[in-house]
>>> print(open('final-v7.csv').read())   # CSV, C-alpha atoms
chain,number,residue,atom,x,y,z
A,1,MET,CA,-4.3,-3.4,-13.8
A,2,ASN,CA,-5.8,0.0,-13.0
A,3,LYS,CA,-2.9,2.4,-13.2
A,4,LYS,CA,-3.7,6.1,-12.4
A,5,SER,CA,-1.7,8.8,-14.0
A,6,PHE,CA,-1.4,12.5,-13.4
A,7,THR,CA,-3.4,14.6,-15.8
A,8,VAL,CA,-2.7,18.2,-16.9
A,9,PHE,CA,-5.3,19.3,-14.4
A,10,ASN,CA,-3.5,17.5,-11.5
A,11,ILE,CA,-0.1,18.8,-12.5
A,12,THR,CA,-1.5,22.4,-12.8
A,13,PHE,CA,-3.0,22.3,-9.3
A,14,ILE,CA,0.1,20.7,-7.8
A,15,ALA,CA,2.2,23.5,-9.4
A,16,MET,CA,-0.2,26.2,-8.3
A,17,MET,CA,-0.3,25.0,-4.7
A,18,ALA,CA,3.5,24.6,-4.7
A,19,ALA,CA,3.9,28.2,-5.9
A,20,MET,CA,1.5,29.3,-3.1
A,21,VAL,CA,3.5,27.4,-0.5
A,22,TYR,CA,6.7,29.1,-1.8
A,23,VAL,CA,5.3,32.6,-1.9
A,24,VAL,CA,3.7,32.4,1.6
A,25,THR,CA,6.9,31.1,3.0
A,26,LEU,CA,8.5,34.4,2.0
A,27,PHE,CA,6.4,36.3,4.5
A,28,ARG,CA,7.6,35.7,8.0
A,29,PHE,CA,6.8,37.5,11.3
A,30,PRO,CA,9.3,37.6,14.2
A,31,LEU,CA,8.1,36.0,17.4
A,32,LEU,CA,9.9,34.7,20.4
A,33,GLY,CA,13.3,34.7,18.6
A,34,SER,CA,12.0,32.8,15.6
A,35,LYS,CA,9.9,33.4,12.6
A,36,VAL,CA,6.2,32.6,12.3
A,37,HIS,CA,4.7,32.1,8.9
A,38,PHE,CA,1.5,30.6,7.3
A,39,ALA,CA,3.3,28.3,4.9
A,40,ASN,CA,2.3,25.3,7.0
A,41,ALA,CA,-1.3,26.4,6.6
A,42,VAL,CA,-1.0,26.3,2.8
A,43,CYS,CA,0.8,22.9,3.1
A,44,LEU,CA,-2.2,21.6,5.0
A,45,LEU,CA,-4.6,23.2,2.6
A,46,SER,CA,-2.8,21.4,-0.2
A,47,GLY,CA,-3.5,18.0,1.5
A,48,ILE,CA,-7.1,19.0,1.9
A,49,LEU,CA,-7.7,20.2,-1.6
A,50,LEU,CA,-5.5,17.8,-3.6
A,51,GLY,CA,-5.5,14.6,-1.5
A,52,PRO,CA,-2.5,12.9,0.2
A,53,LEU,CA,-0.2,12.3,-2.8
A,54,GLN,CA,-0.8,15.4,-4.8
A,55,GLY,CA,-1.1,17.6,-1.8
A,56,GLY,CA,2.1,16.1,-0.4
A,57,LEU,CA,3.9,16.8,-3.6
A,58,ALA,CA,2.7,20.4,-3.7
A,59,ALA,CA,3.7,21.0,0.0
A,60,GLY,CA,7.0,19.3,-0.4
A,61,ILE,CA,8.0,20.9,-3.7
A,62,GLY,CA,7.0,24.4,-2.7
A,63,SER,CA,8.8,24.2,0.7
A,64,ALA,CA,11.9,22.5,-0.8
A,65,LEU,CA,12.1,25.1,-3.5
A,66,TYR,CA,12.1,27.9,-0.9
A,67,ASP,CA,14.9,26.2,1.0
A,68,ALA,CA,16.9,25.7,-2.2
A,69,VAL,CA,16.5,29.3,-3.3
A,70,ALA,CA,17.4,30.5,0.2
A,71,GLY,CA,20.7,28.6,-0.1
A,72,TYR,CA,20.2,25.6,2.2
A,73,ASP,CA,22.3,22.6,1.6
A,74,VAL,CA,20.9,19.6,-0.3
A,75,ILE,CA,20.4,17.5,2.8
A,76,ASN,CA,18.2,20.2,4.4
A,77,VAL,CA,16.3,20.7,1.2
A,78,LEU,CA,15.5,16.9,1.0
A,79,ILE,CA,14.5,16.8,4.7
A,80,THR,CA,12.1,19.7,4.1
A,81,LEU,CA,10.7,18.0,1.0
A,82,VAL,CA,10.0,14.8,3.0
A,83,SER,CA,8.7,16.5,6.2
A,84,LYS,CA,6.4,18.9,4.4
A,85,PHE,CA,5.2,16.1,2.1
A,86,ALA,CA,4.5,14.0,5.2
A,87,MET,CA,2.5,16.8,6.8
A,88,ALA,CA,0.3,17.3,3.8
A,89,TRP,CA,0.0,13.6,3.2
A,90,VAL,CA,-1.2,12.8,6.7
A,91,CYS,CA,-3.7,15.8,6.5
A,92,GLY,CA,-4.9,14.7,3.1
A,93,ALA,CA,-5.2,11.0,4.0
A,94,VAL,CA,-7.2,11.8,7.2
A,95,PHE,CA,-9.4,14.4,5.5
A,96,HIS,CA,-10.2,12.2,2.5
A,97,SER,CA,-10.9,9.1,4.6
A,98,ARG,CA,-13.7,10.9,6.4
A,99,GLU,CA,-16.0,11.6,3.5
A,100,ASN,CA,-19.1,12.2,5.7
A,101,ARG,CA,-17.3,14.8,7.8
A,102,ARG,CA,-14.8,16.4,5.4
A,103,ASP,CA,-17.0,19.4,4.6
A,104,ARG,CA,-17.5,20.1,8.3
A,105,ILE,CA,-15.0,22.3,10.2
A,106,ASP,CA,-14.4,19.7,12.9
A,107,GLY,CA,-13.4,17.1,10.3
A,108,THR,CA,-11.1,19.5,8.6
A,109,ALA,CA,-9.6,20.6,11.8
A,110,LEU,CA,-8.9,17.0,12.9
A,111,ALA,CA,-7.0,16.4,9.6
A,112,CYS,CA,-5.0,19.6,10.1
A,113,VAL,CA,-4.1,18.8,13.7
A,114,LEU,CA,-2.8,15.4,12.7
A,115,GLY,CA,-0.8,16.8,9.8
A,116,ALA,CA,0.7,19.6,11.9
A,117,ILE,CA,1.6,17.2,14.7
A,118,THR,CA,3.4,15.0,12.0
A,119,TYR,CA,5.5,18.0,10.9
A,120,VAL,CA,6.4,19.1,14.4
A,121,ALA,CA,7.4,15.6,15.3
A,122,LEU,CA,9.6,15.3,12.2
A,123,TYR,CA,11.1,18.7,12.8
A,124,MET,CA,12.0,17.9,16.4
A,125,LEU,CA,13.5,14.6,15.3
A,126,LYS,CA,15.7,16.4,12.7
A,127,THR,CA,16.7,18.9,15.4
A,128,PHE,CA,17.7,16.2,17.8
A,129,ILE,CA,19.7,14.2,15.2
A,130,TYR,CA,21.5,17.3,13.9
A,131,ASN,CA,22.4,18.6,17.3
A,132,LYS,CA,23.3,15.3,18.9
A,133,PHE,CA,25.0,13.4,16.1
A,134,VAL,CA,26.0,15.9,13.4
A,135,TYR,CA,27.1,18.8,15.7
A,136,GLY,CA,28.0,16.6,18.7
A,137,TYR,CA,26.4,18.8,21.3
A,138,PRO,CA,26.0,17.4,24.9
A,139,ILE,CA,22.5,16.2,25.7
A,140,ASP,CA,21.6,19.3,27.9
A,141,ALA,CA,22.5,21.6,25.0
A,142,VAL,CA,20.4,19.4,22.6
A,143,GLY,CA,17.5,19.7,25.0
A,144,ALA,CA,17.8,23.5,25.3
A,145,THR,CA,17.9,23.8,21.5
A,146,MET,CA,14.9,21.6,21.1
A,147,ILE,CA,12.9,23.6,23.6
A,148,SER,CA,13.8,26.8,21.8
A,149,LYS,CA,12.7,25.4,18.5
A,150,LEU,CA,9.6,23.6,19.8
A,151,ILE,CA,7.9,26.8,21.0
A,152,PRO,CA,7.9,28.6,17.6
A,153,SER,CA,7.1,25.3,15.9
A,154,LEU,CA,4.0,24.8,18.1
A,155,ILE,CA,3.0,28.4,17.4
A,156,ASN,CA,3.3,27.8,13.7
A,157,ALA,CA,1.4,24.6,14.0
A,158,ALA,CA,-1.4,26.2,15.9
A,159,ALA,CA,-1.6,29.1,13.4
A,160,ALA,CA,-1.8,26.5,10.5
A,161,VAL,CA,-4.4,24.4,12.3
A,162,VAL,CA,-6.6,27.5,12.7
A,163,ALA,CA,-5.9,29.1,9.3
A,164,ALA,CA,-6.1,26.1,6.9
A,165,PRO,CA,-9.7,25.0,7.8
A,166,LEU,CA,-10.8,28.7,7.6
A,167,PHE,CA,-9.1,29.1,4.2
A,168,TYR,CA,-10.7,25.9,3.0
A,169,HIS,CA,-14.2,26.6,4.2
A,170,ALA,CA,-13.9,30.2,2.8
A,171,VAL,CA,-13.2,28.9,-0.7
A,172,LEU,CA,-15.5,25.9,-0.4
A,173,PRO,CA,-18.6,27.6,-1.9
A,174,ALA,CA,-16.6,28.9,-4.9
A,175,LEU,CA,-15.0,25.5,-5.5
A,176,ARG,CA,-18.4,23.8,-5.4
A,177,SER,CA,-20.2,26.3,-7.7
A,178,SER,CA,-17.4,26.2,-10.2
A,179,GLY,CA,-17.3,22.4,-10.3
A,180,LEU,CA,-13.6,22.4,-9.3
A,181,LEU,CA,-14.3,20.6,-6.0
A,182,LYS,CA,-16.0,17.7,-7.7
A,183,ARG,CA,-13.2,17.4,-10.3
A,184,MET,CA,-10.5,17.6,-7.7
A,185,ARG,CA,-12.1,14.8,-5.7
A,186,ALA,CA,-12.6,12.7,-8.8
A,187,GLU,CA,-9.1,13.1,-10.0
A,188,GLY,CA,-7.4,13.2,-6.5
>>> encode(input="final-v7.csv", output="structure tokens")
Amino acid sequence: MNKKSFTVFNITFIAMMAAMVYVVTLFRFPLLGSKVHFANAVCLLSGILLGPLQGGLAAGIGSALYDAVAGYDVINVLITLVSKFAMAWVCGAVFHSRENRRDRIDGTALACVLGAITYVALYMLKTFIYNKFVYGYPIDAVGATMISKLIPSLINAAAAVVAAPLFYHAVLPALRSSGLLKRMRAEG
């Protein structure tokens, strides 16, 4: 049986990316009655750099830590953990399955688009469930709330889809020359 375990290298990079997700989440910009941030871009970058499982852990842990420190209840913290994990997992799975295109911007962008769509879909599902079944709002109020949350979510997703591939391709030469890219891919 070939059992793979986390190395100190893996744990260090998961922790580093989780910290980056947390810190980037602190910086938000008001737009259309909501807040836009680049945390989703760092979540996608985690999936690209670390692969589906480790990137998902970094994204989920960093985002959930932010929610916990900000005072959200345990249910919302867990929902954030799962949804951000899923976003980075999808991005990482698509990116790492496309070996011949993963160092090209179009291959990176496709992985980011699919990861961002995953997050927006899960966020909209959470919004629907909370508004309809937890708060008991009528369906027209649920629809209005979902529209009001969808627009900033799509703006955040678009910003992440543009920023994550740019960040990755900006650091790609340094990762290659230092040998970190090869090691991340070998241990990911």
>>> atom_distance(input="final-v7.csv", atom1="CA of Phe133 in chain A", atom2="CA of Ala116 in chain A")
25.4 Å
>>> residues_near_point(input="final-v7.csv", point="(-10.5, 9.7, 3.9)", cutoff="12 Å", atoms="all atoms listed in the file", output="mmCIF file with C-alpha atoms, keeping the file's coordinate frame")
data_model
loop_
_atom_site.group_PDB
_atom_site.id
_atom_site.type_symbol
_atom_site.label_atom_id
_atom_site.label_comp_id
_atom_site.auth_asym_id
_atom_site.auth_seq_id
_atom_site.Cartn_x
_atom_site.Cartn_y
_atom_site.Cartn_z
ATOM 1 C CA GLY A 47 -3.500 18.000 1.500
ATOM 2 C CA ILE A 48 -7.100 19.000 1.900
ATOM 3 C CA GLY A 51 -5.500 14.600 -1.500
ATOM 4 C CA PRO A 52 -2.500 12.900 0.200
ATOM 5 C CA TRP A 89 0.000 13.600 3.200
ATOM 6 C CA VAL A 90 -1.200 12.800 6.700
ATOM 7 C CA CYS A 91 -3.700 15.800 6.500
ATOM 8 C CA GLY A 92 -4.900 14.700 3.100
ATOM 9 C CA ALA A 93 -5.200 11.000 4.000
ATOM 10 C CA VAL A 94 -7.200 11.800 7.200
ATOM 11 C CA PHE A 95 -9.400 14.400 5.500
ATOM 12 C CA HIS A 96 -10.200 12.200 2.500
ATOM 13 C CA SER A 97 -10.900 9.100 4.600
ATOM 14 C CA ARG A 98 -13.700 10.900 6.400
ATOM 15 C CA GLU A 99 -16.000 11.600 3.500
ATOM 16 C CA ASN A 100 -19.100 12.200 5.700
ATOM 17 C CA ARG A 101 -17.300 14.800 7.800
ATOM 18 C CA ARG A 102 -14.800 16.400 5.400
ATOM 19 C CA ASP A 103 -17.000 19.400 4.600
ATOM 20 C CA GLY A 107 -13.400 17.100 10.300
ATOM 21 C CA THR A 108 -11.100 19.500 8.600
ATOM 22 C CA LEU A 110 -8.900 17.000 12.900
ATOM 23 C CA ALA A 111 -7.000 16.400 9.600
ATOM 24 C CA ARG A 185 -12.100 14.800 -5.700
ATOM 25 C CA GLY A 188 -7.400 13.200 -6.500
#
>>> atom_distance(input="final-v7.csv", atom1="CA of Thr118 in chain A", atom2="CA of Ile61 in chain A")
17.4 Å
>>> atom_distance(input="final-v7.csv", atom1="CA of Leu175 in chain A", atom2="CA of Leu26 in chain A")
26.2 Å
>>> residues_around(input="final-v7.csv", residues="range 14-18 of chain A", least_positions_apart="5", cutoff="6 Å", atoms="all atoms listed in the file", output="mmCIF file with C-alpha atoms, keeping the file's coordinate frame")
data_model
loop_
_atom_site.group_PDB
_atom_site.id
_atom_site.type_symbol
_atom_site.label_atom_id
_atom_site.label_comp_id
_atom_site.auth_asym_id
_atom_site.auth_seq_id
_atom_site.Cartn_x
_atom_site.Cartn_y
_atom_site.Cartn_z
ATOM 1 C CA ALA A 58 2.700 20.400 -3.700
ATOM 2 C CA ALA A 59 3.700 21.000 0.000
ATOM 3 C CA ILE A 61 8.000 20.900 -3.700
ATOM 4 C CA GLY A 62 7.000 24.400 -2.700
#
>>> closest_residue(input="final-v7.csv", among="A:Ala70, A:Val171, A:Ile105, A:Leu114", to="Ala86 in chain A", atoms="all atoms listed in the file")
A:Leu114
>>> closest_residue(input="final-v7.csv", among="A:Ser83, A:Val8, A:Asn156, A:Leu125", to="Leu31 in chain A", atoms="only C-alpha atoms")
A:Asn156
>>> residues_around(input="final-v7.csv", residues="Lys84 in chain A", least_positions_apart="5", cutoff="8 Å", atoms="only C-alpha atoms", output="MDAnalysis selection string")
chainID A and resid 43 56 59:60 63 119
>>> closest_residue(input="final-v7.csv", among="A:Ala121, A:Leu172, A:Leu57, A:Ala164", to="Met146 in chain A", atoms="all atoms listed in the file")
A:Ala121
